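Here's the structure, in structure tokens; my notes come after.
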Amino acid sequence: MSIELGHFALILAFAIACVSALGGLLLWQRGERLAAVMAQASILQFVLVSVAFLAVVQAFVSSDFSLALAVNHSHSLKPLIFKISGVWGNHEGSLLLWILILVLFGALVAAFGRRLPADLSNLVLGTQSLLTAAFAGFTLITSNPFERMVPAPLEGNDLNPILQDIGLAIHPPLLYAGYVGFSICFSFAIAALVSGRIDQAWARWVRPWTMLSWIFLTLGIAMGSYWAYYELGWGGWWFWDPVENASFMPWLSGTALLHSALVMEKRNALKIWTIFLAIITFSLSLLGTFLVRSGILTSVHTFASDPTRGLVILTMLAILIGGAFLLFAIRSPSLRQGGLFAPISREGALILNNLFLATAVGAVLVGTLYPLLLDALTGTTISVGAPFFNFTFGALMAPLLLVLPFGPLLAWKRADLVAAGQRLMGFAALAVFLAILISALGGVSISMVPIGLLLGFWVTFGSIAELIERSRLGRIPLGESFRRLAGLSRSIWSTAIGHMGLGLTVLGIVAVSAWETELVTTLNPGETAELAGYVIHFDDFEQLPGANYMADTGNFTVTAPDGSTARLHAERRTYVASGMPTTEAAIQTYGFSQLYLQLGEPLQDTHVIRLWHKPYILLIWIGALVMSGAGVLSLTDRRLRIGAPQRARKASETAA
């Protein structure tokens, strides 16, 4: 009965979304009375979709195999956490999660948008309802998660063993919250184009939602990277997979949108560009949806292989995104450009930042889609791999990292570049010294590694230059400097911390790329191997039962260069229901570095062992966490609370 209740709830949510979309987009000038109805409709959509989602969760948890989705993607022996996460480990369930997050963001706007002008609120919630209606309709017609299985089997087919990991419980919800969160920015862009209300108050409203979505997307990408690193057994943290690129492109454009919205908020400039970025960022999120569900890719990331569904998605995206860009083309000539500023200014630095990020998006987009288009049009199969992306993306990011520390030190409207350079001179010298020292100690020959280290240290040290400048550290008594630091706004702190996190990630990427060492060998119990000063002793081999698998486990003792020892356990699992094997790597952390051990397939009486030493690899993910933490700190700034300024409503009422 709960399945039918969930199905009915989703149908009702779809119907309400259709009516709400028509009302919000056609009757948006009806004022406060319509705004109250639209807010209630958005909250009701969230309640109904929550009921639908929980009905599917309940079926998975209780192993109700009358539900076809549970039959195809669950098993009664699975641990509870994997039963729940298995709900979105497939095409139909992940679409339902997407819709749930979509209506959640709409409900949040309704709940926290009381200070938003009524006409703008109607348009935003109407656009959000239109997106909900499109995805709910697609789900109900082509990807119904509530289909029954008659007769119901006694047991399910199980979930892909690779997905039976805590990463599935964390990575997709975070990633979807980032993807779908940008729908709010898209809805605000459409509302601005329709109403013509594009001002600093609009930017102040949009920027917190952009920041919130960017935080979730950053965490989602970082979690996905670490999940692939430890679960797939390849020892890699990024593969330039087309679906990885599909999540990375909206992150790049979202980062550009954050900086562009800042210029618009502070200087009332870059209006057209900010609107364009808001549209393109969500468009790239939808592109990722198409790549994952169209069947044109074969990847561990993909959910569906039905070209019919892919055609429907493509048509839906063409209507939504094509309509948005058509509206943009019609309305943009009538929009005022805003304030003027000199090229050497903080606005100029942020525009340069946007230029590099937008070009990087274009490069990744071409490298991702060109092979797919060529195959579809001519049947020619080519591969655009890591060398292309590393060279192209690296060439674009190097100058961006070089100019990054200058931005916060430049004044708005007009600035002195020489003065900013003088303030950074000491940090530049320190970065050069450390890059040369570490390169020499690491034994790096002539290569790009010293340049990468230099850029990483430069961004990391340069991020605190504004803090030191504002606190006048070293020029006034120490206590007074600390009081000045404590009095700085959280947005200033978040900028410094965010740039520092980027620098840490760059250092981690350069270090692991330059000094990673690998050993592939065969060992029997009782034998040892050595890698980068670590001695690995193969203690014994045993077979152990798991919750729904059998594990061949290799037990190892690792002796570090400092004499400390650690026990490692690497596994090869075979799952009962599907018979599919997986590898579970053993990872031991030493500071910011890790020793990575994978148990390979047995060869007669011996075992293949793969070992990697990955120096400072944790800095990659620590940097991402630091960047996300900086975003959270920015959201706590009282000037960026999720709500429009009160004066925006007063001004609109006065104008009326």
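Residue names in the structure tokens use chain letters A, B, ... in the order shown, residue numbers from 1 in each chain, and ligand numbers from 1 in the order shown.
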
*asked:* I'd like the contact shell of Val47 of chain A - 10 Å cut-off, only C-alpha atoms, skipping same-chain residues fewer than 6 positions apart - returned as a count of residues only.
replied: 9

*asked:* I'd like the neighbourhood of Ile509 of chain A as a ChimeraX atom specification, where a residue qualifies if any of its atoms comes within 12 Å (using only C-alpha atoms), though same-chain residues fewer than 4 positions away should be ignored.
replied: /A:236-238,390,394,449,452-453,455-456,502-505,513-516,593,614-624

_Polymer residues at most 12 Å from segment 149-151 of chain A, only C-alpha atoms, same-chain spacing of 6 or more positions, as a list in words_ = Ile3, Asp64, Phe65, Ser66, Leu67, Ala68, Leu69, Ala70, Val71 and Asn72 of chain A

*So how many Å separate atom CA of Gly579 of chain A and atom CA of Val608 of chain A, to one decimal?*
21.3 Å

*Excluding Ser2 of chain A and any residue of its chain fewer than 6 positions from it, enumerate the residues within 9 Å of it, using only C-alpha atoms, and give them as a ChimeraX atom specification.*
/A:52,55-56,58-59

Those same residues, written as a PDB file, in the first residue's frame with C-alpha atoms?
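And here's out-v1.pdb as it stands now:
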ATOM      1  CA  ALA A  52       7.156   9.383  -2.479  1.00  0.00           C
ATOM      2  CA  ALA A  55       7.913   5.001   0.251  1.00  0.00           C
ATOM      3  CA  VAL A  56      10.727   3.703  -1.945  1.00  0.00           C
ATOM      4  CA  GLN A  58      10.762   1.772   3.086  1.00  0.00           C
ATOM      5  CA  ALA A  59      10.478  -0.849   0.341  1.00  0.00           C
TER       6      ALA A  59
END

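When only C-alpha atoms are used to measure the gap to Leu163 of chain A, the shortest distance among A:Trp412, A:Gly137, A:Ala177, A:Thr582 belongs to A:Thr582.
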
*May I have the residues within 7 Å of Thr522 of chain A as an MDAnalysis selection string, using only C-alpha atoms and disregarding those fewer than 2 positions away in the same chain?*
chainID A and resid 606:609

Output C-alpha atoms of each residue in that selection to a file, as a compact mmCIF listing (two decimals), in the first residue's frame.
# COMPACT_ATOMS: atom_id res chain seq x y z
CA THR A 606 51.63 -16.86 -5.03
CA HIS A 607 49.80 -13.51 -4.90
CA VAL A 608 50.19 -10.37 -6.98
CA ILE A 609 50.72 -7.35 -4.72

_I want to know what sits within 7 Å of segment 354-365 of chain A, based on only C-alpha atoms, with residues of the same chain fewer than 2 positions away left out; could you give that as an NGL selection string?_
:A and (245 or 249 or 252-253 or 256 or 350-352 or 367-369 or 389 or 393 or 396 or 400)

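Taking only C-alpha atoms into account, Trp273 of chain A lies nearest to A:Phe328 out of the set A:Tyr229, A:Phe239, A:Phe328, A:Phe46.
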
*Please provide as a ChimeraX atom specification all residues within 12 Å of Glu466 of chain A, with the sequence filter that same-chain residues fewer than 4 positions apart are discarded (counting only C-alpha atoms).*
/A:405-411,420,423-424,427,461-462,470-473,485,488,492-497,499

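Nearest residue to Gly385 of chain A, choosing from A:Trp240, A:Ala398, A:Ala133, A:Ile319 and counting only C-alpha atoms: A:Trp240.
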
*Assign secondary structure with DSSP using the backbone only, and return the residues of segment 213-402 of chain A in helix (DSSP H, G or I) as a PyMOL selection string.*
chain A and resi 213-231+242-267+271-293+307-334+346-378+386-402
